[in-house]
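entry35.pdb (PDB, C-alpha atoms and all ligand atoms) appears below.
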```
ATOM      1  CA  MET A 209     -19.043 -25.607  -3.067
ATOM      2  CA  LEU A 210     -15.344 -26.341  -2.886
ATOM      3  CA  ALA A 211     -13.134 -24.238  -5.147
ATOM      4  CA  SER A 212      -9.439 -23.346  -5.187
ATOM      5  CA  GLY A 213      -9.012 -21.371  -8.383
ATOM      6  CA  SER A 214     -10.661 -18.787 -10.580
ATOM      7  CA  GLY A 215     -14.151 -19.875  -9.586
ATOM      8  CA  SER A 216     -15.813 -19.464 -12.971
ATOM      9  CA  ASN A 217     -17.920 -22.586 -12.360
ATOM     10  CA  LEU A 218     -18.772 -21.259  -8.922
ATOM     11  CA  GLN A 219     -19.934 -18.049 -10.628
ATOM     12  CA  ALA A 220     -22.122 -20.007 -13.046
ATOM     13  CA  LEU A 221     -23.713 -21.833 -10.110
ATOM     14  CA  ILE A 222     -24.145 -18.585  -8.160
ATOM     15  CA  ASP A 223     -25.891 -16.987 -11.141
ATOM     16  CA  ASP A 224     -28.227 -19.969 -11.571
ATOM     17  CA  GLN A 225     -29.358 -20.267  -7.930
ATOM     18  CA  GLY A 226     -33.082 -20.691  -7.465
ATOM     19  CA  GLU A 227     -33.819 -24.386  -7.530
ATOM     20  CA  TYR A 228     -30.831 -24.853  -5.226
ATOM     21  CA  ARG A 229     -28.965 -22.609  -2.823
ATOM     22  CA  ILE A 230     -25.238 -22.422  -2.135
ATOM     23  CA  ALA A 231     -24.849 -22.807   1.635
ATOM     24  CA  LEU A 232     -21.089 -22.341   1.864
ATOM     25  CA  VAL A 233     -18.068 -21.758  -0.344
ATOM     26  CA  LEU A 234     -14.978 -23.513   0.946
ATOM     27  CA  SER A 235     -11.442 -23.021  -0.307
ATOM     28  CA  ASP A 236      -7.995 -24.205   0.667
ATOM     29  CA  LYS A 237      -6.572 -20.997  -0.841
ATOM     30  CA  PRO A 238      -7.034 -17.762   1.093
ATOM     31  CA  GLY A 239      -7.460 -14.863  -1.320
ATOM     32  CA  SER A 240      -8.511 -17.042  -4.257
ATOM     33  CA  ARG A 241     -10.690 -15.513  -6.961
ATOM     34  CA  ALA A 242     -13.316 -18.110  -6.074
ATOM     35  CA  LEU A 243     -13.572 -16.721  -2.539
ATOM     36  CA  GLU A 244     -13.781 -13.172  -3.897
ATOM     37  CA  ARG A 245     -16.690 -14.173  -6.115
ATOM     38  CA  ALA A 246     -18.458 -15.808  -3.160
ATOM     39  CA  GLU A 247     -17.971 -12.741  -0.986
ATOM     40  CA  GLN A 248     -19.242 -10.469  -3.767
ATOM     41  CA  ALA A 249     -22.360 -12.644  -3.944
ATOM     42  CA  GLY A 250     -22.812 -12.405  -0.172
ATOM     43  CA  LEU A 251     -22.313 -16.129   0.377
ATOM     44  CA  PRO A 252     -20.802 -17.626   3.537
ATOM     45  CA  THR A 253     -17.161 -18.587   3.000
ATOM     46  CA  ALA A 254     -14.553 -20.575   4.869
ATOM     47  CA  VAL A 255     -10.896 -21.355   4.334
ATOM     48  CA  VAL A 256      -9.515 -24.727   5.321
ATOM     49  CA  ALA A 257      -5.773 -24.475   4.787
ATOM     50  CA  TRP A 258      -3.896 -27.654   3.940
ATOM     51  CA  PRO A 259      -2.632 -28.983   7.264
ATOM     52  CA  GLY A 260      -0.144 -31.351   5.653
ATOM     53  CA  GLU A 261      -2.211 -34.450   6.297
ATOM     54  CA  ARG A 262      -5.123 -35.639   4.172
ATOM     55  CA  GLY A 263      -7.114 -37.196   7.000
ATOM     56  CA  VAL A 264      -7.097 -34.036   9.103
ATOM     57  CA  PHE A 265      -7.962 -31.946   6.044
ATOM     58  CA  THR A 266     -10.855 -34.212   5.028
ATOM     59  CA  THR A 267     -12.354 -34.165   8.517
ATOM     60  CA  ALA A 268     -12.200 -30.354   8.620
ATOM     61  CA  ILE A 269     -13.865 -30.056   5.204
ATOM     62  CA  CYS A 270     -16.597 -32.575   6.052
ATOM     63  CA  ASP A 271     -17.287 -30.895   9.406
ATOM     64  CA  ALA A 272     -17.637 -27.480   7.720
ATOM     65  CA  VAL A 273     -19.981 -28.849   5.038
ATOM     66  CA  ALA A 274     -22.092 -30.667   7.639
ATOM     67  CA  ALA A 275     -22.254 -27.571   9.877
ATOM     68  CA  ALA A 276     -23.522 -25.542   6.903
ATOM     69  CA  GLY A 277     -26.337 -28.054   6.470
ATOM     70  CA  ALA A 278     -25.374 -28.700   2.850
ATOM     71  CA  GLU A 279     -26.826 -31.770   1.159
ATOM     72  CA  LEU A 280     -24.360 -31.786  -1.701
ATOM     73  CA  MET A 281     -20.623 -31.170  -1.959
ATOM     74  CA  VAL A 282     -19.839 -29.600  -5.331
ATOM     75  CA  LEU A 283     -16.175 -29.542  -6.388
ATOM     76  CA  ALA A 284     -15.120 -27.057  -9.060
ATOM     77  CA  GLY A 285     -11.407 -26.684  -9.582
ATOM     78  CA  PHE A 286     -10.737 -27.879  -6.034
ATOM     79  CA  MET A 287      -7.101 -28.934  -6.294
ATOM     80  CA  ARG A 288      -6.979 -31.182  -3.243
ATOM     81  CA  ILE A 289      -7.849 -34.869  -3.037
ATOM     82  CA  LEU A 290     -10.235 -35.723  -0.230
ATOM     83  CA  GLY A 291      -9.844 -38.868   1.845
ATOM     84  CA  ARG A 292     -12.187 -41.819   2.214
ATOM     85  CA  GLU A 293     -14.057 -40.145   5.086
ATOM     86  CA  ALA A 294     -15.691 -37.736   2.621
ATOM     87  CA  ILE A 295     -17.221 -40.609   0.602
ATOM     88  CA  ASP A 296     -18.378 -42.298   3.805
ATOM     89  CA  ARG A 297     -19.991 -39.168   5.241
ATOM     90  CA  PHE A 298     -21.468 -37.893   1.938
ATOM     91  CA  PRO A 299     -22.187 -41.075  -0.024
ATOM     92  CA  ASP A 300     -23.225 -40.282  -3.616
ATOM     93  CA  ARG A 301     -23.435 -36.623  -2.649
ATOM     94  CA  ILE A 302     -20.111 -35.298  -3.956
ATOM     95  CA  LEU A 303     -19.882 -33.943  -7.504
ATOM     96  CA  ASN A 304     -16.894 -33.035  -9.638
ATOM     97  CA  ILE A 305     -16.449 -31.467 -13.061
ATOM     98  CA  HIS A 306     -13.549 -32.366 -15.312
ATOM     99  CA  PRO A 307     -12.414 -30.895 -18.644
ATOM    100  CA  SER A 308     -12.312 -34.137 -20.672
ATOM    101  CA  LEU A 309     -14.589 -36.970 -21.657
ATOM    102  CA  LEU A 310     -13.693 -39.299 -18.789
ATOM    103  CA  PRO A 311     -12.302 -41.928 -18.543
ATOM    104  CA  ALA A 312      -9.963 -40.240 -21.053
ATOM    105  CA  PHE A 313      -7.400 -37.843 -19.594
ATOM    106  CA  PRO A 314      -7.954 -37.813 -15.829
ATOM    107  CA  GLY A 315      -5.635 -35.611 -13.770
ATOM    108  CA  ALA A 316      -4.598 -32.003 -13.664
ATOM    109  CA  HIS A 317      -3.486 -31.713 -17.323
ATOM    110  CA  ALA A 318      -6.544 -32.964 -19.186
ATOM    111  CA  VAL A 319      -6.608 -30.183 -21.774
ATOM    112  CA  GLU A 320      -2.883 -30.415 -22.601
ATOM    113  CA  SER A 321      -3.120 -34.228 -22.790
ATOM    114  CA  ALA A 322      -6.029 -34.066 -25.233
ATOM    115  CA  LEU A 323      -4.004 -31.737 -27.479
ATOM    116  CA  GLU A 324      -0.867 -33.897 -27.217
ATOM    117  CA  HIS A 325      -2.840 -36.981 -28.236
ATOM    118  CA  GLY A 326      -4.346 -35.154 -31.197
ATOM    119  CA  VAL A 327      -7.914 -36.148 -30.330
ATOM    120  CA  LYS A 328     -10.500 -34.566 -32.595
ATOM    121  CA  VAL A 329     -13.168 -34.416 -29.908
ATOM    122  CA  THR A 330     -12.787 -33.837 -26.204
ATOM    123  CA  GLY A 331     -15.368 -32.461 -23.786
ATOM    124  CA  VAL A 332     -16.491 -32.062 -20.205
ATOM    125  CA  THR A 333     -17.755 -34.547 -17.641
ATOM    126  CA  VAL A 334     -19.790 -34.133 -14.467
ATOM    127  CA  HIS A 335     -19.562 -37.168 -12.214
ATOM    128  CA  PHE A 336     -20.158 -38.424  -8.711
ATOM    129  CA  VAL A 337     -16.897 -38.690  -6.790
ATOM    130  CA  ASP A 338     -15.663 -42.089  -5.636
ATOM    131  CA  GLU A 339     -12.369 -43.273  -4.117
ATOM    132  CA  GLU A 340     -10.319 -42.618  -7.258
ATOM    133  CA  VAL A 341      -9.317 -39.284  -8.765
ATOM    134  CA  ASP A 342     -11.519 -38.044 -11.645
ATOM    135  CA  HIS A 343     -13.492 -41.257 -11.421
ATOM    136  CA  GLY A 344     -16.998 -42.274 -10.419
ATOM    137  CA  PRO A 345     -20.455 -42.632 -11.958
ATOM    138  CA  ILE A 346     -20.857 -40.223 -14.873
ATOM    139  CA  ILE A 347     -23.884 -37.936 -14.734
ATOM    140  CA  ALA A 348     -23.446 -35.824 -17.865
ATOM    141  CA  GLN A 349     -20.971 -35.279 -20.670
ATOM    142  CA  VAL A 350     -20.760 -32.682 -23.417
ATOM    143  CA  PRO A 351     -18.466 -33.211 -26.424
ATOM    144  CA  VAL A 352     -16.337 -30.311 -27.656
ATOM    145  CA  PRO A 353     -14.556 -30.561 -31.046
ATOM    146  CA  VAL A 354     -10.862 -29.660 -31.103
ATOM    147  CA  ALA A 355     -10.254 -26.957 -33.710
ATOM    148  CA  ALA A 356      -7.187 -26.752 -35.968
ATOM    149  CA  GLY A 357      -4.751 -24.381 -34.293
ATOM    150  CA  ASP A 358      -6.256 -24.810 -30.822
ATOM    151  CA  ASP A 359      -3.883 -24.216 -27.922
ATOM    152  CA  ARG A 360      -4.504 -24.917 -24.258
ATOM    153  CA  ASP A 361      -6.154 -21.570 -23.627
ATOM    154  CA  SER A 362      -8.452 -21.540 -26.643
ATOM    155  CA  LEU A 363      -9.613 -25.122 -26.067
ATOM    156  CA  HIS A 364     -10.039 -24.626 -22.322
ATOM    157  CA  ALA A 365     -12.143 -21.516 -22.958
ATOM    158  CA  ARG A 366     -14.579 -23.524 -25.141
ATOM    159  CA  LEU A 367     -14.621 -26.360 -22.604
ATOM    160  CA  GLN A 368     -15.382 -23.925 -19.809
ATOM    161  CA  ALA A 369     -18.283 -22.412 -21.755
ATOM    162  CA  GLU A 370     -19.843 -25.900 -21.740
ATOM    163  CA  GLU A 371     -18.951 -26.416 -18.070
ATOM    164  CA  HIS A 372     -20.831 -23.271 -17.153
ATOM    165  CA  ARG A 373     -23.977 -24.649 -18.805
ATOM    166  CA  ILE A 374     -23.839 -28.271 -17.698
ATOM    167  CA  TYR A 375     -22.836 -27.896 -14.040
ATOM    168  CA  PRO A 376     -25.797 -25.710 -12.987
ATOM    169  CA  ALA A 377     -28.092 -27.963 -15.047
ATOM    170  CA  VAL A 378     -26.871 -31.049 -13.163
ATOM    171  CA  VAL A 379     -27.177 -29.432  -9.728
ATOM    172  CA  ALA A 380     -30.695 -28.225 -10.579
ATOM    173  CA  GLY A 381     -31.552 -31.721 -11.859
ATOM    174  CA  LEU A 382     -30.394 -33.208  -8.559
ATOM    175  CA  ALA A 383     -32.387 -30.594  -6.631
ATOM    176  CA  ARG A 384     -35.500 -31.549  -8.615
ATOM    177  CA  GLY A 385     -34.893 -35.225  -7.860
ATOM    178  CA  GLU A 386     -34.493 -36.071 -11.560
ATOM    179  CA  ILE A 387     -31.077 -37.680 -11.186
ATOM    180  CA  THR A 388     -30.776 -41.021  -9.449
ATOM    181  CA  LEU A 389     -27.907 -43.419  -8.930
ATOM    182  CA  GLU A 390     -28.680 -47.134  -9.006
ATOM    183  CA  GLU A 391     -25.615 -49.298  -8.442
ATOM    184  CA  ARG A 392     -23.161 -47.332 -10.596
ATOM    185  CA  THR A 393     -25.618 -46.260 -13.259
ATOM    186  CA  VAL A 394     -26.914 -42.728 -13.309
ATOM    187  CA  ARG A 395     -30.429 -42.107 -14.653
ATOM    188  CA  TRP A 396     -31.700 -38.675 -15.492
ATOM    189  CA  ARG A 397     -35.463 -38.505 -15.873
ATOM    190  CA  LYS A 398     -36.379 -35.008 -17.003
ATOM    191  CA  THR A 399     -39.534 -33.723 -15.330
TER
HETATM  192  C1  LIG A 401     -12.448 -26.437 -14.635
HETATM  193  O1  LIG A 401     -11.980 -26.471 -15.946
HETATM  194  C2  LIG A 401     -12.762 -27.809 -14.127
HETATM  195  O2  LIG A 401     -13.155 -28.679 -15.133
HETATM  196  C3  LIG A 401     -11.463 -28.252 -13.527
HETATM  197  O3  LIG A 401     -10.897 -27.099 -12.969
HETATM  198  C4  LIG A 401     -11.371 -25.963 -13.664
HETATM  199  C5  LIG A 401     -11.910 -24.988 -12.654
HETATM  200  O4  LIG A 401     -12.187 -23.756 -13.206
HETATM  201  N1  LIG A 401     -11.692 -29.323 -12.579
HETATM  202  P1  LIG A 401     -12.908 -22.614 -12.375
HETATM  203  O5  LIG A 401     -12.095 -22.372 -11.117
HETATM  204  O6  LIG A 401     -14.303 -23.058 -12.077
HETATM  205  O7  LIG A 401     -12.885 -21.411 -13.272
END
```
Please rewrite the model in this file as structure tokens.
Amino acid sequence: MLASGSGSNLQALIDDQGEYRIALVLSDKPGSRALERAEQAGLPTAVVAWPGERGVFTTAICDAVAAAGAELMVLAGFMRILGREAIDRFPDRILNIHPSLLPAFPGAHAVESALEHGVKVTGVTVHFVDEEVDHGPIIAQVPVPVAAGDDRDSLHARLQAEEHRIYPAVVAGLARGEITLEERTVRWRKT
């Protein structure tokens, strides 16, 4: 798992382990809450600080993930963009979660943008990562209605509650072999 921030999705995945196991928690931020959560759970951790160059950073991340023997790279609030090497070395094996119904509102301000546009429904998306940011074959989406009087914090809190349900469900579905990617279409056959 790759996480830079508060690590609430990491926590949800930690709590749901069983059908899958978290091999390593990687962060670019020493001292992040995500790393604290991993350490509290007794998981291996590593920090790859931003070296100022995306290619060098991507190689270091991919090497650490490969050395841990991980089959899947799960991004949750990882605020760095990985280079092409990551897609080449982990084809269709990198996941991301985003707090909007993609392709609406990609980028770091999805919740604010949804409020600014006055949408009545937003949501969360789990997708495979491709070359573009917040882009790639969509695995699962959950709609979340925007309430009158919502601000960024109140809406993000409801979005995160859905994130914490859907992300572990997707990772478990992948572990069970229920989720397949054919061309750019994701199929989820529940067993
Ligand atoms: C989540 O809202 C996720 O959708 C976005 O970054 C946030 C990470 O939150 N990509 P956390 O660190 O898992 O609490």
Distance query Thr253 of chain A at most 9 Å, only C-alpha atoms, self and fewer than 2 positions along chain excluded, as a ChimeraX atom specification: /A:231-235,243,246-247,250-251,255
Pick from A:Ala377, A:Ala318, A:Val394, A:Leu221, whichever lies nearest to Arg245 of chain A using only C-alpha atoms: A:Leu221
Would you tabulate, counting only C-alpha atoms and all ligand atoms, all residues of chain A that have an atom at most 9 Å from an atom of ligand LIG 401 (chain A), showing the closest pair of atoms and their distance in Å to one decimal, sorted by chain then ascending number, as CSV?
```
residue,atom,partner,partner_atom,distance
A:Ala211,CA,A:LIG401,O5,6.3
A:Ser212,CA,A:LIG401,O5,6.6
A:Gly213,CA,A:LIG401,O5,4.2
A:Ser214,CA,A:LIG401,O5,3.9
A:Gly215,CA,A:LIG401,O5,3.6
A:Ser216,CA,A:LIG401,O7,3.5
A:Asn217,CA,A:LIG401,O6,3.7
A:Leu218,CA,A:LIG401,O6,5.8
A:Gln219,CA,A:LIG401,O6,7.7
A:Ala220,CA,A:LIG401,O6,8.4
A:Arg241,CA,A:LIG401,O5,8.1
A:Ala242,CA,A:LIG401,O5,6.7
A:Leu283,CA,A:LIG401,N1,7.6
A:Ala284,CA,A:LIG401,O6,5.1
A:Gly285,CA,A:LIG401,O3,3.5
A:Phe286,CA,A:LIG401,N1,6.8
A:Met287,CA,A:LIG401,N1,7.8
A:Asn304,CA,A:LIG401,N1,7.0
A:Ile305,CA,A:LIG401,O2,4.8
A:His306,CA,A:LIG401,O2,3.7
A:Pro307,CA,A:LIG401,O2,4.2
A:Ser308,CA,A:LIG401,O2,7.8
A:Gly315,CA,A:LIG401,N1,8.8
A:Ala316,CA,A:LIG401,N1,7.7
A:Ala318,CA,A:LIG401,C3,8.9
A:Val319,CA,A:LIG401,O1,8.8
A:Val332,CA,A:LIG401,O2,6.9
A:Thr333,CA,A:LIG401,O2,7.9
A:Val334,CA,A:LIG401,O2,8.6
A:Asp342,CA,A:LIG401,N1,8.8
A:His364,CA,A:LIG401,O1,6.9
A:Ala365,CA,A:LIG401,O1,8.6
A:Leu367,CA,A:LIG401,O1,7.2
A:Gln368,CA,A:LIG401,O1,5.7
A:Glu371,CA,A:LIG401,O2,6.9
A:His372,CA,A:LIG401,O6,8.3
```
Residue neighbourhood Gly385 of chain A, 9 Å, all atoms listed in the file, exclusion window fewer than 5 positions, as a ChimeraX atom specification: /A:380,396-397,399
When distances are computed from all atoms listed in the file, which of A:Glu340, A:Glu293, A:Glu324, A:Asp300 shows the smallest separation from Glu279 of chain A?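 Of A:Glu340, A:Glu293, A:Glu324, A:Asp300, the one nearest Glu279 of chain A, counting all atoms listed in the file, is A:Asp300.
The shortest atom-to-atom distance to Asp338 of chain A, with all atoms listed in the file taken into account, belongs to A:Ile295 out of A:Leu310, A:Ile269, A:Leu323, A:Ile295.
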Could you jot down the atom CA of Leu389 of chain A to atom CA of Ile230 of chain A separation for me, Å, one decimal place? 22.2 Å
